[in-house]
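In what follows, a structure is listed as structure tokens, so that the remarks can point back to it.
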2 protein chains.
Amino acid sequence: MTVREQYDADKALVEAALKAAFRGRQPHADIYDAMNYSLLAGGKRLRPVLTLACCRLCGGQVEDALPFACAVEMIHTYSLIHDDLPCMDDDDLRRGRPTNHKVYGEATAVLAGDGLLTAAFEIALTASDRLPAERVLAGTACLAKAAGAAGMVGGQALDMAGEGRALTQPDVEELQRLKTGALICAAAEMGCIAAGGSEEQRSALRNYASKLGLAFQIRDDMLDVTGDESALGKPVGSDAREEKTTFVTLKGLDGCAQMIEKLTYDAEEALEPFSDKQFLTGLARELADRTN
Amino acid sequence: MTVREQYDADKALVEAALKAAFRGRQPHADIYDAMNYSLLAGGKRLRPVLTLACCRLCGGQVEDALPFACAVEMIHTYSLIHDDLPCMDDDDLRRGRPTNHKVYGEATAVLAGDGLLTAAFEIALTASDRLPAERVLAGTACLAKAAGAAGMVGGQALDMAGEGRALTQPDVEELQRLKTGALICAAAEMGCIAAGGSEEQRSALRNYASKLGLAFQIRDDMLDVTGDESALGKPVGSDAREEKTTFVTLKGLDGCAQMIEKLTYDAEEALEPFSDKQFLTGLARELADRTN
């Protein structure tokens, strides 16, 4: 199986599980409509695919990690809904469609985000149907730490505080480590935890994911300058309009390409303890070269 | 010990635990300041006190339930921050102080709410320091279900959808069952779960809490008409201004008083399986007569 075939197969598992997550729930005031609108809007599904791949790599069955995979995608989706709000980044377009608050209004968008954030923990805990309680606790705790004020939420707060101010490269790296890196690391670690992997494996995968996540973000910054709006499904040039300090403003496009090359090499290096690692090395390579 | 003395002792335990919750955390962009501003603003602490009392009633040690108690109060606090936002109820005053977004701005208020919601699950899971993993999973799952779109978030969505429309009494009861009742029930059930209580005990406490919660809400509606702004710490008359259908508009003040009397009686009745229940019966009585 090629990297792309494996990715698509795992992604299909995730899509089916996400579609089923709220099936049959009572549609109180359309809140589930608003949640599903963003949750089922496509997207790469990078984080949940990473969870499944890391579970498999550590010897687990991917089905065991599926609740964790769905949970991490719900967290990611809620963060996009809240980030797009008028009081935050005020974006109208996401994944090629109007943003949640453009369709459902601001109040419902806030609540849809809250609902998805809460549902993430609810679904993560259902991993106990197939896994020992201790693993479920460890995986869910890992997610909570990465998603909260010491991780993603803190990164978003730093991002808001940084708009219109000049940041240094360490500032931007710290911001991105929290805002996008923490959740990507948790996605990988949760897969390892579901499989009952060792501390050494978990640490290696966290290291891999942190390099991958930073390279991913640098590529995002490049695509905001050089990318194609229809391929990306969102407007380009928003960083410049909002006067954000990005890796492109700090290092230029060539400098960014060099950073990504180095990080991708480091990510592959981090996988040293594993043998059957073609998928994760291939994934890092594909993400480095992506155009959307 | 009187009901009031017991309440104040349990409340003091909760206050101390909440104060310690984010101690020593790195203050990324003041996000913890904004979270603590609302979390440590006082309030009745009804939900966490209920958690501790139900744990004690079922034979557990209150310290075992403290993480659950803090978690339920964090959920309650985040919901107030988000409810007060301009796109929701647009309130300026809460617990006698400017609302979170008035002090920190809308973006930070959204994030402070997100941070508290996430922290609630993080702290709930720390109950595993003292409790078997299965109880921690059950308690945390109970919280997630009650707080999400099938509970509190769904109730808030119904509330938004209902503004300016005439609702029937069943509509309002369903709305309040979700918006305030679900979390109050979870608070009680989590105490029982922490103590390793039986299904019969859990069911009795859920029944008690659902009656207590509805009576609490009806009293809230009455106080919005008859209450004293300085005692309540928030403006009165907001329901009328927002043209909300409340128990007062449906049943009048006398009808509300009768409903509360009946619900308080039913709450006491629900405690039939327990012997040492003076605190919970006294609490129901005190809440029925409260003036703030």
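Residue numbering restarts at 1 for every chain of the structure tokens, chains are lettered A, B, ... in their displayed order, and ligands are numbered from 1 as they appear.
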Exercise for review: Determine which residues of stretch 90-185 of chain A DSSP labels as strand (DSSP E or B) from the backbone of this structure, then write them out as number ranges by chain.
Suggested key: A: 93-94, 97-98
Using only C-alpha atoms, what does the table of chain B residues within 7 Å of chain A look like, with each row giving the shortest atom pair and its distance in Å to one decimal, sorted by chain and ascending number, as JSON lines?
{"residue": "B:His28", "atom": "CA", "partner": "A:Gly154", "partner_atom": "CA", "distance": 5.9}
{"residue": "B:Ala29", "atom": "CA", "partner": "A:Leu158", "partner_atom": "CA", "distance": 5.3}
{"residue": "B:Ile31", "atom": "CA", "partner": "A:Ala157", "partner_atom": "CA", "distance": 6.5}
{"residue": "B:Cys87", "atom": "CA", "partner": "A:Ala107", "partner_atom": "CA", "distance": 5.3}
{"residue": "B:Met88", "atom": "CA", "partner": "A:Ala107", "partner_atom": "CA", "distance": 5.4}
{"residue": "B:Glu106", "atom": "CA", "partner": "A:Cys87", "partner_atom": "CA", "distance": 6.0}
{"residue": "B:Ala107", "atom": "CA", "partner": "A:Cys87", "partner_atom": "CA", "distance": 5.3}
{"residue": "B:Thr108", "atom": "CA", "partner": "A:Ala157", "partner_atom": "CA", "distance": 6.7}
{"residue": "B:Leu111", "atom": "CA", "partner": "A:Val153", "partner_atom": "CA", "distance": 6.3}
{"residue": "B:Gly115", "atom": "CA", "partner": "A:Gly148", "partner_atom": "CA", "distance": 5.2}
{"residue": "B:Thr118", "atom": "CA", "partner": "A:Gly148", "partner_atom": "CA", "distance": 5.4}
{"residue": "B:Ala119", "atom": "CA", "partner": "A:Gly148", "partner_atom": "CA", "distance": 6.3}
{"residue": "B:Phe121", "atom": "CA", "partner": "A:Ala144", "partner_atom": "CA", "distance": 6.5}
{"residue": "B:Glu122", "atom": "CA", "partner": "A:Ala144", "partner_atom": "CA", "distance": 5.3}
{"residue": "B:Leu125", "atom": "CA", "partner": "A:Ala141", "partner_atom": "CA", "distance": 6.5}
{"residue": "B:Ala133", "atom": "CA", "partner": "A:Ala133", "partner_atom": "CA", "distance": 5.7}
{"residue": "B:Glu134", "atom": "CA", "partner": "A:Ala133", "partner_atom": "CA", "distance": 6.0}
{"residue": "B:Leu137", "atom": "CA", "partner": "A:Leu125", "partner_atom": "CA", "distance": 6.7}
{"residue": "B:Ala141", "atom": "CA", "partner": "A:Glu122", "partner_atom": "CA", "distance": 5.8}
{"residue": "B:Ala144", "atom": "CA", "partner": "A:Glu122", "partner_atom": "CA", "distance": 5.3}
{"residue": "B:Lys145", "atom": "CA", "partner": "A:Glu122", "partner_atom": "CA", "distance": 6.5}
{"residue": "B:Ala147", "atom": "CA", "partner": "A:Thr118", "partner_atom": "CA", "distance": 6.9}
{"residue": "B:Gly148", "atom": "CA", "partner": "A:Gly115", "partner_atom": "CA", "distance": 5.1}
{"residue": "B:Ala149", "atom": "CA", "partner": "A:Gly115", "partner_atom": "CA", "distance": 5.2}
{"residue": "B:Val153", "atom": "CA", "partner": "A:Gly115", "partner_atom": "CA", "distance": 6.1}
{"residue": "B:Gly154", "atom": "CA", "partner": "A:His28", "partner_atom": "CA", "distance": 5.9}
{"residue": "B:Ala157", "atom": "CA", "partner": "A:Ala29", "partner_atom": "CA", "distance": 5.9}
{"residue": "B:Leu158", "atom": "CA", "partner": "A:Ala29", "partner_atom": "CA", "distance": 5.3}
{"residue": "B:Ala161", "atom": "CA", "partner": "A:Ala29", "partner_atom": "CA", "distance": 6.5}
Exercise for review: Report the residues of stretch 25-232 of chain A whose backbone DSSP state falls under helix (DSSP H, G or I), written as number ranges by chain.
Suggested key: A: 28-39, 46-57, 62-83, 100-104, 106-129, 133-147, 152-162, 169-194, 199-226, 229-232
Practice item. Would you please work out which residue, of B:Asp91, B:Glu243, B:Glu174, B:Asp254, is nearest to B:Ser210 when using only C-alpha atoms? Key: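 Looking at the shortest contact to B:Ser210, the residue is B:Glu174.
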Check your understanding: Near A:Glu73, counting only C-alpha atoms, which residues have an atom at most 8 Å away, once you skip same-chain residues fewer than 3 positions from it, shown as a list in words?
Key ->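 With the cut-off at 8 Å, the set is Leu39, Arg45, Arg47, Pro48, Ala69, Cys70, His76 and Thr77 of chain A.
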Output the selection as a PDB file, in the first residue's frame - N, CA, C and O atoms for each residue.
ATOM      1  N   LEU A  39     -17.929  19.875  11.267  1.00  0.00           N
ATOM      2  CA  LEU A  39     -17.214  18.619  11.499  1.00  0.00           C
ATOM      3  C   LEU A  39     -17.126  17.786  10.223  1.00  0.00           C
ATOM      4  O   LEU A  39     -16.127  17.087  10.005  1.00  0.00           O
ATOM      5  N   ARG A  45      -7.951  15.870   7.752  1.00  0.00           N
ATOM      6  CA  ARG A  45      -8.033  14.836   8.804  1.00  0.00           C
ATOM      7  C   ARG A  45      -6.639  14.368   9.201  1.00  0.00           C
ATOM      8  O   ARG A  45      -6.441  13.175   9.522  1.00  0.00           O
ATOM      9  N   ARG A  47      -4.781  15.058  11.876  1.00  0.00           N
ATOM     10  CA  ARG A  47      -4.609  14.654  13.277  1.00  0.00           C
ATOM     11  C   ARG A  47      -5.169  13.255  13.553  1.00  0.00           C
ATOM     12  O   ARG A  47      -4.460  12.407  14.119  1.00  0.00           O
ATOM     13  N   PRO A  48      -6.425  12.972  13.167  1.00  0.00           N
ATOM     14  CA  PRO A  48      -6.930  11.614  13.435  1.00  0.00           C
ATOM     15  C   PRO A  48      -6.189  10.526  12.656  1.00  0.00           C
ATOM     16  O   PRO A  48      -6.022   9.421  13.177  1.00  0.00           O
ATOM     17  N   ALA A  69      -9.191   9.330  17.885  1.00  0.00           N
ATOM     18  CA  ALA A  69      -9.020  10.021  16.603  1.00  0.00           C
ATOM     19  C   ALA A  69     -10.166  11.002  16.360  1.00  0.00           C
ATOM     20  O   ALA A  69      -9.939  12.155  15.966  1.00  0.00           O
ATOM     21  N   CYS A  70     -11.383  10.552  16.609  1.00  0.00           N
ATOM     22  CA  CYS A  70     -12.543  11.445  16.440  1.00  0.00           C
ATOM     23  C   CYS A  70     -12.460  12.614  17.410  1.00  0.00           C
ATOM     24  O   CYS A  70     -12.779  13.755  17.057  1.00  0.00           O
ATOM     25  N   HIS A  76     -10.017  20.006  17.047  1.00  0.00           N
ATOM     26  CA  HIS A  76      -9.491  20.840  15.958  1.00  0.00           C
ATOM     27  C   HIS A  76     -10.620  21.639  15.302  1.00  0.00           C
ATOM     28  O   HIS A  76     -10.487  22.855  15.074  1.00  0.00           O
ATOM     29  N   THR A  77     -11.746  20.974  15.043  1.00  0.00           N
ATOM     30  CA  THR A  77     -12.865  21.645  14.368  1.00  0.00           C
ATOM     31  C   THR A  77     -13.449  22.760  15.225  1.00  0.00           C
ATOM     32  O   THR A  77     -13.737  23.856  14.728  1.00  0.00           O
TER      33      THR A  77
END
Practice item. Go through B:Val72, B:Asp64, B:Cys54, B:Asp84 and flag the residue nearest B:Leu271, using only C-alpha atoms for the distances. Key: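 So, comparing all the options, the nearest one is B:Cys54.
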Exercise for review: Please provide the set of residues having any atom within 12 Å of stretch 246-252 of chain B, restricted to only C-alpha atoms, with same-chain residues fewer than 6 positions apart removed, written as a VMD selection string.
Suggested key: chain B and resid 159 162 to 173 175 to 176 214 to 226 237 to 240 258 to 260
Exercise for review: Considering only C-alpha atoms, state which residue in the set A:Leu18, A:Met190, A:Leu283, A:Ala71 is at the smallest distance from A:Gly42.
Suggested key: A:Leu18
Check your understanding: atom CA of B:Asn100 and atom CA of B:Ile81 are how many Å apart?
Key ->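 So the two atoms, atom CA of B:Asn100 and atom CA of B:Ile81, lie 6.2 Å apart.
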Point to revise | Separation of atom CA of A:Ala9 from atom CA of A:Cys192 in Å | key: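 Atom-to-atom, atom CA of A:Cys192 to atom CA of A:Ala9, that is 19.2 Å.
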Review point. Which distance in Å separates atom CA of B:Lys277 and atom CA of B:Ala182, to one decimal?
Key: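 Going from atom CA of B:Lys277 over to atom CA of B:Ala182 covers 22.0 Å.
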